[in-house]
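A.B. asks: Here it is, the structure, as structure tokens.
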Amino acid sequence: MFHPHRLALATACFLIVPAAWGQSAQDGWAWQATVHQLEWQNSSDADAVAWDVSAWVGTNRNRVWFRGEGGHHVDGAARDYRQELLWGHPVAKWEWLVGVRQDEGTTPSRTYFVLGIQAQGPFGIWLESTGYLGEGSRAGDDVHVGYRLMAEREWPLSGRLILGARAEYELWSEDHVRYSEGHGPSGVFGSLRLRYAASGRIAPYAGVEWFRLVGDTGDLAPRFGETAEETRFIVGIRLQFGGH
């Protein structure tokens, strides 16, 4: 039987802590914390608050990352919370990531081993490609796997106005554990946000977000009182802090 909690503990102890803190002073420490999204969404079922945050601390060779996301993305479903603790190792323009992920708000709560990469790709596109491995929740499923691909790009429109576009694709072997049957893929997401950079740290924004559940997930959602496709108006604020 696969035991993700044991793997999570081993990963945290043997990868994250020694790699990040075993650096010489000459490498130069730095940190950054970004609230990418803190927003209100006008869902057709009930208005919701959603957030997406990330933070890192370390050197130009090794960093410890925290990535978190939460909100009410599907009508009729419980709020989902994703938290990741990762060790990052930059190589050229890419950064390799390994660590653990904890999901709350779903039934049951889940722990995953995480392996991925992130990079500033061509044409100014930020890319995150992440794979997940956890314990199966259904009878006969010892392993539950998932994959998430996110791409984001920004266009400066004037002195302070910035247009951002974001697209995500998620693939899960168990439809993200909401249902007792069916298999993924689970969904595609897209959004546009126009923000005003009031300062180097604060930027309010407004925009629109669209999502569609696909595969077995899209077929099963209406049977459980959920919406399989929706477009939402969003209003929020972006915050960023950092130092050396």
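Lettering and numbering for the structure tokens are positional, with chains as A, B, ... in the shown order, residues counted from 1 in each chain, and ligands counted from 1 in the shown order.
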Fewer than 6 positions away in the same chain doesn't count, so skip those; otherwise give me all residues within 12 Å of Phe123 in chain A, counting only C-alpha atoms, as number ranges by chain.

C.D. replies: A: 151-155

A.B. asks: Suppose we keep all heavy atoms; can you now write the selection as a PDB file, in the first residue's frame?

C.D. replies:
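Produced file part_24.pdb, reproduced below:
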```
ATOM      1  N   ALA A 151      -0.235  28.364 -17.703  1.00  0.00           N
ATOM      2  CA  ALA A 151       0.503  29.325 -18.507  1.00  0.00           C
ATOM      3  C   ALA A 151      -0.081  30.711 -18.265  1.00  0.00           C
ATOM      4  O   ALA A 151      -1.300  30.876 -18.242  1.00  0.00           O
ATOM      5  CB  ALA A 151       0.430  28.975 -19.989  1.00  0.00           C
ATOM      6  N   GLU A 152       0.805  31.704 -18.105  1.00  0.00           N
ATOM      7  CA  GLU A 152       0.348  33.057 -17.794  1.00  0.00           C
ATOM      8  C   GLU A 152       1.239  34.066 -18.525  1.00  0.00           C
ATOM      9  O   GLU A 152       2.450  33.896 -18.605  1.00  0.00           O
ATOM     10  CB  GLU A 152       0.413  33.293 -16.286  1.00  0.00           C
ATOM     11  CG  GLU A 152      -0.242  34.577 -15.823  1.00  0.00           C
ATOM     12  CD  GLU A 152      -0.334  34.635 -14.304  1.00  0.00           C
ATOM     13  OE1 GLU A 152       0.574  34.082 -13.641  1.00  0.00           O
ATOM     14  OE2 GLU A 152      -1.289  35.226 -13.779  1.00  0.00           O
ATOM     15  N   ARG A 153       0.590  35.111 -19.052  1.00  0.00           N
ATOM     16  CA  ARG A 153       1.344  36.158 -19.734  1.00  0.00           C
ATOM     17  C   ARG A 153       0.721  37.515 -19.435  1.00  0.00           C
ATOM     18  O   ARG A 153      -0.504  37.615 -19.224  1.00  0.00           O
ATOM     19  CB  ARG A 153       1.368  35.928 -21.243  1.00  0.00           C
ATOM     20  CG  ARG A 153       2.258  36.940 -21.965  1.00  0.00           C
ATOM     21  CD  ARG A 153       2.283  36.783 -23.458  1.00  0.00           C
ATOM     22  NE  ARG A 153       3.109  37.820 -24.064  1.00  0.00           N
ATOM     23  CZ  ARG A 153       3.267  37.988 -25.367  1.00  0.00           C
ATOM     24  NH1 ARG A 153       2.675  37.168 -26.216  1.00  0.00           N
ATOM     25  NH2 ARG A 153       4.022  38.964 -25.845  1.00  0.00           N
ATOM     26  N   GLU A 154       1.572  38.562 -19.432  1.00  0.00           N
ATOM     27  CA  GLU A 154       1.105  39.918 -19.156  1.00  0.00           C
ATOM     28  C   GLU A 154       1.531  40.858 -20.276  1.00  0.00           C
ATOM     29  O   GLU A 154       2.590  40.676 -20.888  1.00  0.00           O
ATOM     30  CB  GLU A 154       1.657  40.418 -17.824  1.00  0.00           C
ATOM     31  CG  GLU A 154       1.180  39.612 -16.636  1.00  0.00           C
ATOM     32  CD  GLU A 154       1.712  40.155 -15.321  1.00  0.00           C
ATOM     33  OE1 GLU A 154       2.687  40.954 -15.356  1.00  0.00           O
ATOM     34  OE2 GLU A 154       1.166  39.797 -14.264  1.00  0.00           O
ATOM     35  N   TRP A 155       0.672  41.886 -20.516  1.00  0.00           N
ATOM     36  CA  TRP A 155       0.950  42.910 -21.519  1.00  0.00           C
ATOM     37  C   TRP A 155       0.788  44.289 -20.882  1.00  0.00           C
ATOM     38  O   TRP A 155      -0.334  44.653 -20.473  1.00  0.00           O
ATOM     39  CB  TRP A 155      -0.013  42.811 -22.696  1.00  0.00           C
ATOM     40  CG  TRP A 155       0.127  41.574 -23.521  1.00  0.00           C
ATOM     41  CD1 TRP A 155       0.909  41.386 -24.627  1.00  0.00           C
ATOM     42  CD2 TRP A 155      -0.584  40.340 -23.329  1.00  0.00           C
ATOM     43  NE1 TRP A 155       0.739  40.127 -25.134  1.00  0.00           N
ATOM     44  CE2 TRP A 155      -0.172  39.460 -24.359  1.00  0.00           C
ATOM     45  CE3 TRP A 155      -1.526  39.892 -22.390  1.00  0.00           C
ATOM     46  CZ2 TRP A 155      -0.659  38.171 -24.469  1.00  0.00           C
ATOM     47  CZ3 TRP A 155      -2.015  38.609 -22.496  1.00  0.00           C
ATOM     48  CH2 TRP A 155      -1.586  37.758 -23.529  1.00  0.00           C
TER      49      TRP A 155
END
```

A.B. asks: For each of A:Thr227, A:Ser173, A:Gln37, A:Asn60, take the minimum atom-to-atom distance to Leu192 in chain A, counting only C-alpha atoms, then give the residue where this is smallest.

C.D. replies: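 The shortest atom-to-atom distance to Leu192 in chain A comes from A:Gln37.
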
A.B. asks: As a ChimeraX atom specification, please: the residues near Leu161 in chain A (cut-off 9 Å, only C-alpha atoms, same-chain neighbours under 2 positions excluded).

C.D. replies: /A:155-159,163,194-197

A.B. asks: Please provide the set of residues having any atom within 10 Å of Val49 in chain A, restricted to only C-alpha atoms, with same-chain residues fewer than 5 positions apart removed, written as a list in words.

C.D. replies: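 Contacts, in chain order: Gln37, Leu38, Glu39, Trp40, Gln41, Asn42, Ser43, Gly70, Gly71, His72, His73, Arg79, Ile234, Val235 and Gly236 of chain A.
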
A.B. asks: Determine, counting only C-alpha atoms, which protein, DNA and RNA residues have an atom within 8 Å of an atom of range 112-117 of chain A; residues of the same chain fewer than 4 positions away are not included. Present the result as a list of chain:residue names.

C.D. replies: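 In the requested format, the answer is A:Pro4, A:Leu7, A:Ala8, A:Leu86, A:Trp94, A:Glu95, A:Trp96, A:Leu97, A:Val98, A:Gly99, A:Val100, A:Arg101, A:Gln102, A:Glu128, A:Ser129, A:Thr130, A:Gly131, A:Tyr132, A:Leu133, A:Gly134, A:Glu135.
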
A.B. asks: Could you write those residues out with N, CA and C atoms, as a compact mmCIF listing (two decimals), in the first residue's frame?

C.D. replies:
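File produced: result.txt:
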```
# COMPACT_ATOMS: atom_id res chain seq x y z
N PRO A 4 1.48 8.07 1.36
CA PRO A 4 1.98 9.41 1.01
C PRO A 4 2.46 10.19 2.21
N LEU A 7 6.04 9.43 2.73
CA LEU A 7 6.82 10.04 1.67
C LEU A 7 6.92 11.54 1.88
N ALA A 8 5.85 12.16 2.34
CA ALA A 8 5.86 13.61 2.61
C ALA A 8 6.87 13.96 3.68
N LEU A 86 7.66 23.14 -1.26
CA LEU A 86 8.52 22.61 -2.30
C LEU A 86 9.96 23.10 -2.14
N TRP A 94 15.08 27.35 -16.14
CA TRP A 94 14.09 26.48 -15.52
C TRP A 94 14.37 26.34 -14.04
N GLU A 95 13.35 25.95 -13.30
CA GLU A 95 13.51 25.64 -11.89
C GLU A 95 12.79 24.33 -11.59
N TRP A 96 13.56 23.34 -11.14
CA TRP A 96 12.98 22.05 -10.77
C TRP A 96 12.37 22.15 -9.38
N LEU A 97 11.24 21.48 -9.19
CA LEU A 97 10.52 21.53 -7.91
C LEU A 97 10.21 20.12 -7.44
N VAL A 98 10.39 19.88 -6.14
CA VAL A 98 10.01 18.61 -5.54
C VAL A 98 9.54 18.88 -4.12
N GLY A 99 8.49 18.17 -3.68
CA GLY A 99 7.96 18.42 -2.34
C GLY A 99 6.66 17.70 -2.09
N VAL A 100 5.78 18.34 -1.33
CA VAL A 100 4.52 17.72 -0.94
C VAL A 100 3.38 18.71 -1.14
N ARG A 101 2.19 18.17 -1.32
CA ARG A 101 0.96 18.95 -1.46
C ARG A 101 -0.09 18.38 -0.52
N GLN A 102 -0.82 19.29 0.13
CA GLN A 102 -1.92 18.89 1.01
C GLN A 102 -3.20 19.57 0.52
N GLU A 128 4.07 26.68 -15.50
CA GLU A 128 4.19 25.75 -14.38
C GLU A 128 3.64 24.41 -14.83
N SER A 129 4.48 23.38 -14.74
CA SER A 129 4.09 22.02 -15.12
C SER A 129 4.37 21.12 -13.92
N THR A 130 3.30 20.54 -13.34
CA THR A 130 3.44 19.84 -12.06
C THR A 130 2.68 18.52 -12.09
N GLY A 131 3.35 17.48 -11.61
CA GLY A 131 2.72 16.17 -11.47
C GLY A 131 2.53 15.81 -10.01
N TYR A 132 1.49 15.01 -9.71
CA TYR A 132 1.13 14.65 -8.34
C TYR A 132 0.91 13.15 -8.24
N LEU A 133 1.33 12.59 -7.09
CA LEU A 133 1.16 11.16 -6.83
C LEU A 133 0.69 10.99 -5.39
N GLY A 134 -0.48 10.35 -5.20
CA GLY A 134 -1.03 10.15 -3.87
C GLY A 134 -1.73 8.82 -3.76
N GLU A 135 -2.32 8.59 -2.61
CA GLU A 135 -2.99 7.32 -2.34
C GLU A 135 -4.40 7.34 -2.90
```

A.B. asks: One decimal, Å: what's the distance from CA of Gln118 in chain A over to CA of Arg148 in chain A, could you say?

C.D. replies: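 Rounded to one decimal, the two atoms are 11.5 Å apart.
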
A.B. asks: Pick from A:His36, A:Arg201, A:Arg82, A:His89: nearest to Val57 in chain A, with only C-alpha atoms counted?

C.D. replies: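 Among the listed residues, A:His89 lies closest to Val57 in chain A.
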
A.B. asks: Just checking: using only C-alpha atoms, which residue out of A:Asp219, A:Phe233, A:Gly242, A:Ser186 ends up closest to Ala48 in chain A?

C.D. replies: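 Between A:Asp219, A:Phe233, A:Gly242, A:Ser186, the residue approaching Ala48 in chain A most closely is A:Phe233.
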
A.B. asks: Just list the residues in range 117-225 of chain A DSSP gives strand (DSSP E) on the backbone, as an mmCIF file with N, CA, C and O atoms, in the first residue's frame.

C.D. replies:
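Saved to part_2.cif:
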```cif
data_model
loop_
_atom_site.group_PDB
_atom_site.id
_atom_site.type_symbol
_atom_site.label_atom_id
_atom_site.label_comp_id
_atom_site.auth_asym_id
_atom_site.auth_seq_id
_atom_site.Cartn_x
_atom_site.Cartn_y
_atom_site.Cartn_z
ATOM 1 N N ILE A 117 8.257 21.487 -12.780
ATOM 2 C CA ILE A 117 9.176 22.514 -13.238
ATOM 3 C C ILE A 117 8.385 23.803 -13.449
ATOM 4 O O ILE A 117 7.169 23.776 -13.659
ATOM 5 N N GLN A 118 9.085 24.931 -13.368
ATOM 6 C CA GLN A 118 8.482 26.211 -13.685
ATOM 7 C C GLN A 118 9.542 27.091 -14.334
ATOM 8 O O GLN A 118 10.738 26.925 -14.085
ATOM 9 N N ALA A 119 9.094 28.010 -15.198
ATOM 10 C CA ALA A 119 10.070 28.798 -15.950
ATOM 11 C C ALA A 119 9.406 29.988 -16.607
ATOM 12 O O ALA A 119 8.190 29.998 -16.848
ATOM 13 N N GLN A 120 10.217 30.987 -16.908
ATOM 14 C CA GLN A 120 9.805 32.086 -17.765
ATOM 15 C C GLN A 120 10.101 31.657 -19.184
ATOM 16 O O GLN A 120 11.249 31.639 -19.619
ATOM 17 N N TRP A 126 4.896 32.733 -18.479
ATOM 18 C CA TRP A 126 5.282 31.996 -17.275
ATOM 19 C C TRP A 126 4.606 30.635 -17.306
ATOM 20 O O TRP A 126 3.391 30.522 -17.485
ATOM 21 N N LEU A 127 5.387 29.560 -17.118
ATOM 22 C CA LEU A 127 4.877 28.200 -17.221
ATOM 23 C C LEU A 127 5.093 27.448 -15.914
ATOM 24 O O LEU A 127 6.150 27.550 -15.296
ATOM 25 N N GLU A 128 4.074 26.684 -15.498
ATOM 26 C CA GLU A 128 4.188 25.754 -14.377
ATOM 27 C C GLU A 128 3.644 24.408 -14.830
ATOM 28 O O GLU A 128 2.500 24.300 -15.266
ATOM 29 N N SER A 129 4.481 23.380 -14.744
ATOM 30 C CA SER A 129 4.094 22.022 -15.117
ATOM 31 C C SER A 129 4.369 21.116 -13.919
ATOM 32 O O SER A 129 5.524 20.946 -13.525
ATOM 33 N N THR A 130 3.304 20.544 -13.336
ATOM 34 C CA THR A 130 3.436 19.844 -12.063
ATOM 35 C C THR A 130 2.678 18.525 -12.086
ATOM 36 O O THR A 130 1.525 18.471 -12.507
ATOM 37 N N GLY A 131 3.351 17.475 -11.608
ATOM 38 C CA GLY A 131 2.723 16.170 -11.470
ATOM 39 C C GLY A 131 2.531 15.810 -10.008
ATOM 40 O O GLY A 131 3.310 16.222 -9.145
ATOM 41 N N TYR A 132 1.488 15.014 -9.711
ATOM 42 C CA TYR A 132 1.134 14.651 -8.338
ATOM 43 C C TYR A 132 0.914 13.147 -8.235
ATOM 44 O O TYR A 132 0.383 12.511 -9.147
ATOM 45 N N LEU A 133 1.331 12.591 -7.088
ATOM 46 C CA LEU A 133 1.159 11.163 -6.828
ATOM 47 C C LEU A 133 0.692 10.992 -5.389
ATOM 48 O O LEU A 133 1.361 11.434 -4.448
ATOM 49 N N GLY A 134 -0.481 10.353 -5.203
ATOM 50 C CA GLY A 134 -1.033 10.154 -3.869
ATOM 51 C C GLY A 134 -1.728 8.816 -3.757
ATOM 52 O O GLY A 134 -1.739 8.007 -4.694
ATOM 53 N N GLU A 135 -2.318 8.587 -2.612
ATOM 54 C CA GLU A 135 -2.992 7.320 -2.340
ATOM 55 C C GLU A 135 -4.402 7.340 -2.899
ATOM 56 O O GLU A 135 -5.130 8.319 -2.768
ATOM 57 N N VAL A 143 -3.301 3.975 -6.105
ATOM 58 C CA VAL A 143 -2.566 5.186 -6.446
ATOM 59 C C VAL A 143 -3.491 6.169 -7.155
ATOM 60 O O VAL A 143 -4.322 5.783 -7.981
ATOM 61 N N HIS A 144 -3.365 7.424 -6.799
ATOM 62 C CA HIS A 144 -4.117 8.503 -7.433
ATOM 63 C C HIS A 144 -3.109 9.487 -8.012
ATOM 64 O O HIS A 144 -2.244 9.982 -7.290
ATOM 65 N N VAL A 145 -3.183 9.764 -9.314
ATOM 66 C CA VAL A 145 -2.213 10.635 -9.969
ATOM 67 C C VAL A 145 -2.921 11.826 -10.591
ATOM 68 O O VAL A 145 -4.103 11.763 -10.941
ATOM 69 N N GLY A 146 -2.180 12.921 -10.718
ATOM 70 C CA GLY A 146 -2.733 14.117 -11.324
ATOM 71 C C GLY A 146 -1.654 14.921 -12.017
ATOM 72 O O GLY A 146 -0.451 14.731 -11.786
ATOM 73 N N TYR A 147 -2.097 15.840 -12.874
ATOM 74 C CA TYR A 147 -1.172 16.709 -13.594
ATOM 75 C C TYR A 147 -1.829 18.068 -13.772
ATOM 76 O O TYR A 147 -3.036 18.165 -14.053
ATOM 77 N N ARG A 148 -1.033 19.129 -13.594
ATOM 78 C CA ARG A 148 -1.535 20.499 -13.754
ATOM 79 C C ARG A 148 -0.559 21.288 -14.609
ATOM 80 O O ARG A 148 0.642 21.289 -14.351
ATOM 81 N N LEU A 149 -1.093 21.955 -15.634
ATOM 82 C CA LEU A 149 -0.305 22.825 -16.494
ATOM 83 C C LEU A 149 -0.904 24.220 -16.434
ATOM 84 O O LEU A 149 -2.109 24.391 -16.657
ATOM 85 N N MET A 150 -0.079 25.218 -16.123
ATOM 86 C CA MET A 150 -0.547 26.592 -16.062
ATOM 87 C C MET A 150 0.364 27.476 -16.901
ATOM 88 O O MET A 150 1.589 27.350 -16.855
ATOM 89 N N ALA A 151 -0.235 28.364 -17.703
ATOM 90 C CA ALA A 151 0.503 29.325 -18.507
ATOM 91 C C ALA A 151 -0.081 30.711 -18.265
ATOM 92 O O ALA A 151 -1.300 30.876 -18.242
ATOM 93 N N GLU A 152 0.805 31.704 -18.105
ATOM 94 C CA GLU A 152 0.348 33.057 -17.794
ATOM 95 C C GLU A 152 1.239 34.066 -18.525
ATOM 96 O O GLU A 152 2.450 33.896 -18.605
ATOM 97 N N ARG A 153 0.590 35.111 -19.052
ATOM 98 C CA ARG A 153 1.344 36.158 -19.734
ATOM 99 C C ARG A 153 0.721 37.515 -19.435
ATOM 100 O O ARG A 153 -0.504 37.615 -19.224
ATOM 101 N N GLU A 154 1.572 38.562 -19.432
ATOM 102 C CA GLU A 154 1.105 39.918 -19.156
ATOM 103 C C GLU A 154 1.531 40.858 -20.276
ATOM 104 O O GLU A 154 2.590 40.676 -20.888
ATOM 105 N N TRP A 155 0.672 41.886 -20.516
ATOM 106 C CA TRP A 155 0.950 42.910 -21.519
ATOM 107 C C TRP A 155 0.788 44.289 -20.882
ATOM 108 O O TRP A 155 -0.334 44.653 -20.473
ATOM 109 N N PRO A 156 1.840 45.078 -20.757
ATOM 110 C CA PRO A 156 1.692 46.465 -20.288
ATOM 111 C C PRO A 156 0.930 47.281 -21.335
ATOM 112 O O PRO A 156 1.302 47.305 -22.512
ATOM 113 N N LEU A 161 -1.435 50.457 -16.357
ATOM 114 C CA LEU A 161 -2.390 49.403 -16.679
ATOM 115 C C LEU A 161 -1.682 48.179 -17.256
ATOM 116 O O LEU A 161 -0.846 48.300 -18.154
ATOM 117 N N ILE A 162 -2.030 47.000 -16.749
ATOM 118 C CA ILE A 162 -1.429 45.737 -17.189
ATOM 119 C C ILE A 162 -2.542 44.722 -17.411
ATOM 120 O O ILE A 162 -3.399 44.523 -16.545
ATOM 121 N N LEU A 163 -2.551 44.079 -18.570
ATOM 122 C CA LEU A 163 -3.507 43.031 -18.886
ATOM 123 C C LEU A 163 -2.829 41.680 -18.718
ATOM 124 O O LEU A 163 -1.775 41.425 -19.303
ATOM 125 N N GLY A 164 -3.432 40.813 -17.910
ATOM 126 C CA GLY A 164 -2.889 39.481 -17.689
ATOM 127 C C GLY A 164 -3.840 38.403 -18.164
ATOM 128 O O GLY A 164 -5.059 38.489 -17.930
ATOM 129 N N ALA A 165 -3.322 37.396 -18.833
ATOM 130 C CA ALA A 165 -4.100 36.240 -19.293
ATOM 131 C C ALA A 165 -3.539 34.983 -18.664
ATOM 132 O O ALA A 165 -2.316 34.828 -18.542
ATOM 133 N N ARG A 166 -4.423 34.075 -18.275
ATOM 134 C CA ARG A 166 -4.001 32.850 -17.599
ATOM 135 C C ARG A 166 -4.845 31.680 -18.086
ATOM 136 O O ARG A 166 -6.060 31.802 -18.253
ATOM 137 N N ALA A 167 -4.192 30.544 -18.315
ATOM 138 C CA ALA A 167 -4.884 29.321 -18.726
ATOM 139 C C ALA A 167 -4.351 28.150 -17.912
ATOM 140 O O ALA A 167 -3.152 28.079 -17.646
ATOM 141 N N GLU A 168 -5.256 27.247 -17.501
ATOM 142 C CA GLU A 168 -4.872 26.067 -16.722
ATOM 143 C C GLU A 168 -5.570 24.831 -17.271
ATOM 144 O O GLU A 168 -6.691 24.908 -17.772
ATOM 145 N N TYR A 169 -4.885 23.717 -17.138
ATOM 146 C CA TYR A 169 -5.465 22.425 -17.511
ATOM 147 C C TYR A 169 -5.118 21.425 -16.422
ATOM 148 O O TYR A 169 -3.964 21.342 -16.004
ATOM 149 N N GLU A 170 -6.108 20.686 -15.941
ATOM 150 C CA GLU A 170 -5.894 19.683 -14.895
ATOM 151 C C GLU A 170 -6.373 18.318 -15.369
ATOM 152 O O GLU A 170 -7.440 18.195 -15.970
ATOM 153 N N LEU A 171 -5.578 17.311 -15.062
ATOM 154 C CA LEU A 171 -5.885 15.924 -15.415
ATOM 155 C C LEU A 171 -5.743 15.082 -14.159
ATOM 156 O O LEU A 171 -4.678 15.082 -13.530
ATOM 157 N N TRP A 172 -6.815 14.372 -13.776
ATOM 158 C CA TRP A 172 -6.805 13.562 -12.553
ATOM 159 C C TRP A 172 -7.345 12.168 -12.832
ATOM 160 O O TRP A 172 -8.275 12.000 -13.614
ATOM 161 N N GLY A 187 -10.683 19.352 -15.887
ATOM 162 C CA GLY A 187 -11.154 20.658 -16.289
ATOM 163 C C GLY A 187 -10.129 21.547 -16.950
ATOM 164 O O GLY A 187 -8.916 21.322 -16.860
ATOM 165 N N VAL A 188 -10.651 22.584 -17.610
ATOM 166 C CA VAL A 188 -9.834 23.638 -18.203
ATOM 167 C C VAL A 188 -10.336 24.968 -17.662
ATOM 168 O O VAL A 188 -11.533 25.147 -17.404
ATOM 169 N N PHE A 189 -9.398 25.914 -17.480
ATOM 170 C CA PHE A 189 -9.721 27.202 -16.887
ATOM 171 C C PHE A 189 -9.014 28.296 -17.681
ATOM 172 O O PHE A 189 -7.883 28.115 -18.132
ATOM 173 N N GLY A 190 -9.677 29.446 -17.842
ATOM 174 C CA GLY A 190 -9.069 30.585 -18.510
ATOM 175 C C GLY A 190 -9.548 31.881 -17.887
ATOM 176 O O GLY A 190 -10.671 31.952 -17.363
ATOM 177 N N SER A 191 -8.703 32.915 -17.907
ATOM 178 C CA SER A 191 -9.091 34.177 -17.283
ATOM 179 C C SER A 191 -8.327 35.341 -17.884
ATOM 180 O O SER A 191 -7.219 35.176 -18.411
ATOM 181 N N LEU A 192 -8.944 36.518 -17.793
ATOM 182 C CA LEU A 192 -8.321 37.781 -18.159
ATOM 183 C C LEU A 192 -8.501 38.736 -16.988
ATOM 184 O O LEU A 192 -9.601 38.858 -16.437
ATOM 185 N N ARG A 193 -7.422 39.427 -16.601
ATOM 186 C CA ARG A 193 -7.470 40.393 -15.503
ATOM 187 C C ARG A 193 -6.758 41.674 -15.931
ATOM 188 O O ARG A 193 -5.611 41.620 -16.367
ATOM 189 N N LEU A 194 -7.453 42.797 -15.796
ATOM 190 C CA LEU A 194 -6.870 44.106 -16.076
ATOM 191 C C LEU A 194 -6.607 44.787 -14.750
ATOM 192 O O LEU A 194 -7.528 45.084 -13.998
ATOM 193 N N ARG A 195 -5.330 45.029 -14.441
ATOM 194 C CA ARG A 195 -4.992 45.594 -13.141
ATOM 195 C C ARG A 195 -4.332 46.965 -13.267
ATOM 196 O O ARG A 195 -3.711 47.279 -14.293
ATOM 197 N N TYR A 196 -4.468 47.728 -12.215
ATOM 198 C CA TYR A 196 -3.892 49.060 -12.140
ATOM 199 C C TYR A 196 -2.802 49.042 -11.083
ATOM 200 O O TYR A 196 -3.069 48.828 -9.896
ATOM 201 N N ILE A 202 1.021 47.129 -4.703
ATOM 202 C CA ILE A 202 -0.435 46.998 -4.668
ATOM 203 C C ILE A 202 -1.004 47.262 -6.057
ATOM 204 O O ILE A 202 -0.670 48.261 -6.690
ATOM 205 N N ALA A 203 -1.894 46.362 -6.512
ATOM 206 C CA ALA A 203 -2.497 46.522 -7.826
ATOM 207 C C ALA A 203 -3.914 45.942 -7.822
ATOM 208 O O ALA A 203 -4.090 44.724 -7.912
ATOM 209 N N PRO A 204 -4.954 46.772 -7.705
ATOM 210 C CA PRO A 204 -6.323 46.278 -7.835
ATOM 211 C C PRO A 204 -6.612 45.889 -9.283
ATOM 212 O O PRO A 204 -5.995 46.412 -10.216
ATOM 213 N N TYR A 205 -7.578 44.984 -9.472
ATOM 214 C CA TYR A 205 -7.874 44.525 -10.826
ATOM 215 C C TYR A 205 -9.341 44.102 -10.949
ATOM 216 O O TYR A 205 -10.042 43.887 -9.954
ATOM 217 N N ALA A 206 -9.775 43.975 -12.192
ATOM 218 C CA ALA A 206 -11.093 43.435 -12.532
ATOM 219 C C ALA A 206 -10.924 42.566 -13.763
ATOM 220 O O ALA A 206 -9.988 42.754 -14.556
ATOM 221 N N GLY A 207 -11.817 41.608 -13.938
ATOM 222 C CA GLY A 207 -11.671 40.738 -15.088
ATOM 223 C C GLY A 207 -12.782 39.720 -15.193
ATOM 224 O O GLY A 207 -13.860 39.864 -14.593
ATOM 225 N N VAL A 208 -12.506 38.668 -15.949
ATOM 226 C CA VAL A 208 -13.478 37.610 -16.191
ATOM 227 C C VAL A 208 -12.753 36.267 -16.154
ATOM 228 O O VAL A 208 -11.598 36.148 -16.583
ATOM 229 N N GLU A 209 -13.419 35.260 -15.608
ATOM 230 C CA GLU A 209 -12.865 33.904 -15.529
ATOM 231 C C GLU A 209 -13.872 32.915 -16.099
ATOM 232 O O GLU A 209 -15.079 33.042 -15.857
ATOM 233 N N TRP A 210 -13.361 31.930 -16.828
ATOM 234 C CA TRP A 210 -14.211 30.894 -17.423
ATOM 235 C C TRP A 210 -13.624 29.539 -17.081
ATOM 236 O O TRP A 210 -12.408 29.355 -17.042
ATOM 237 N N PHE A 211 -14.501 28.569 -16.796
ATOM 238 C CA PHE A 211 -14.020 27.203 -16.598
ATOM 239 C C PHE A 211 -15.019 26.217 -17.200
ATOM 240 O O PHE A 211 -16.212 26.506 -17.358
ATOM 241 N N ARG A 212 -14.499 25.043 -17.518
ATOM 242 C CA ARG A 212 -15.330 23.963 -18.034
ATOM 243 C C ARG A 212 -14.778 22.642 -17.537
ATOM 244 O O ARG A 212 -13.590 22.343 -17.716
ATOM 245 N N LEU A 213 -15.629 21.856 -16.889
ATOM 246 C CA LEU A 213 -15.258 20.502 -16.489
ATOM 247 C C LEU A 213 -15.483 19.584 -17.679
ATOM 248 O O LEU A 213 -16.513 19.663 -18.350
#
```

A.B. asks: Between CA of Val91 in chain A and CA of Thr34 in chain A, what distance in Å does the model show, to one decimal?

C.D. replies: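 Interatomic distance here is 22.1 Å.
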
A.B. asks: For CA of Glu84 in chain A and CA of Glu104 in chain A, quote the distance in Å rounded to one decimal.

C.D. replies: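 Distance reported for this atom pair: 11.7 Å.
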
A.B. asks: Neighbouring residues of Gly28 in chain A were defined as those with any atom within 9 Å, considering only C-alpha atoms; residues of the same chain fewer than 6 positions away were excluded. Please report them as an MDAnalysis selection string.

C.D. replies: chainID A and resid 58:60 244

A.B. asks: Between A:Gly88, A:Val64, A:Gln83, A:Ile125, which has the minimum distance to Asp52 in chain A (counting only C-alpha atoms)?

C.D. replies: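 Selected residue with least distance to Asp52 in chain A: A:Gln83.
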
A.B. asks: Within 6 Å of Trp65 in chain A, counting only C-alpha atoms, which residues qualify if same-chain residues fewer than 4 places away don't, as number ranges by chain?

C.D. replies: A: 55-56, 85-86

A.B. asks: Would you mind exporting the chosen residues as a short mmCIF file (atom, residue, chain, number, x, y, z; two decimals), in the first residue's frame, restricted to C-alpha atoms?

C.D. replies:
```cif
data_model
loop_
_atom_site.label_atom_id
_atom_site.label_comp_id
_atom_site.auth_asym_id
_atom_site.auth_seq_id
_atom_site.Cartn_x
_atom_site.Cartn_y
_atom_site.Cartn_z
CA ALA A 55 6.31 32.75 -1.55
CA TRP A 56 9.93 31.68 -1.62
CA LEU A 85 5.75 23.02 0.26
CA LEU A 86 8.52 22.61 -2.30
#
```

A.B. asks: Using only C-alpha atoms, find the one residue out of A:Ala198, A:Ala92, A:Ala50, A:Val214 that sits nearest to Gln240 in chain A.

C.D. replies: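 Among the listed residues, the smallest separation from Gln240 in chain A belongs to A:Ala198.
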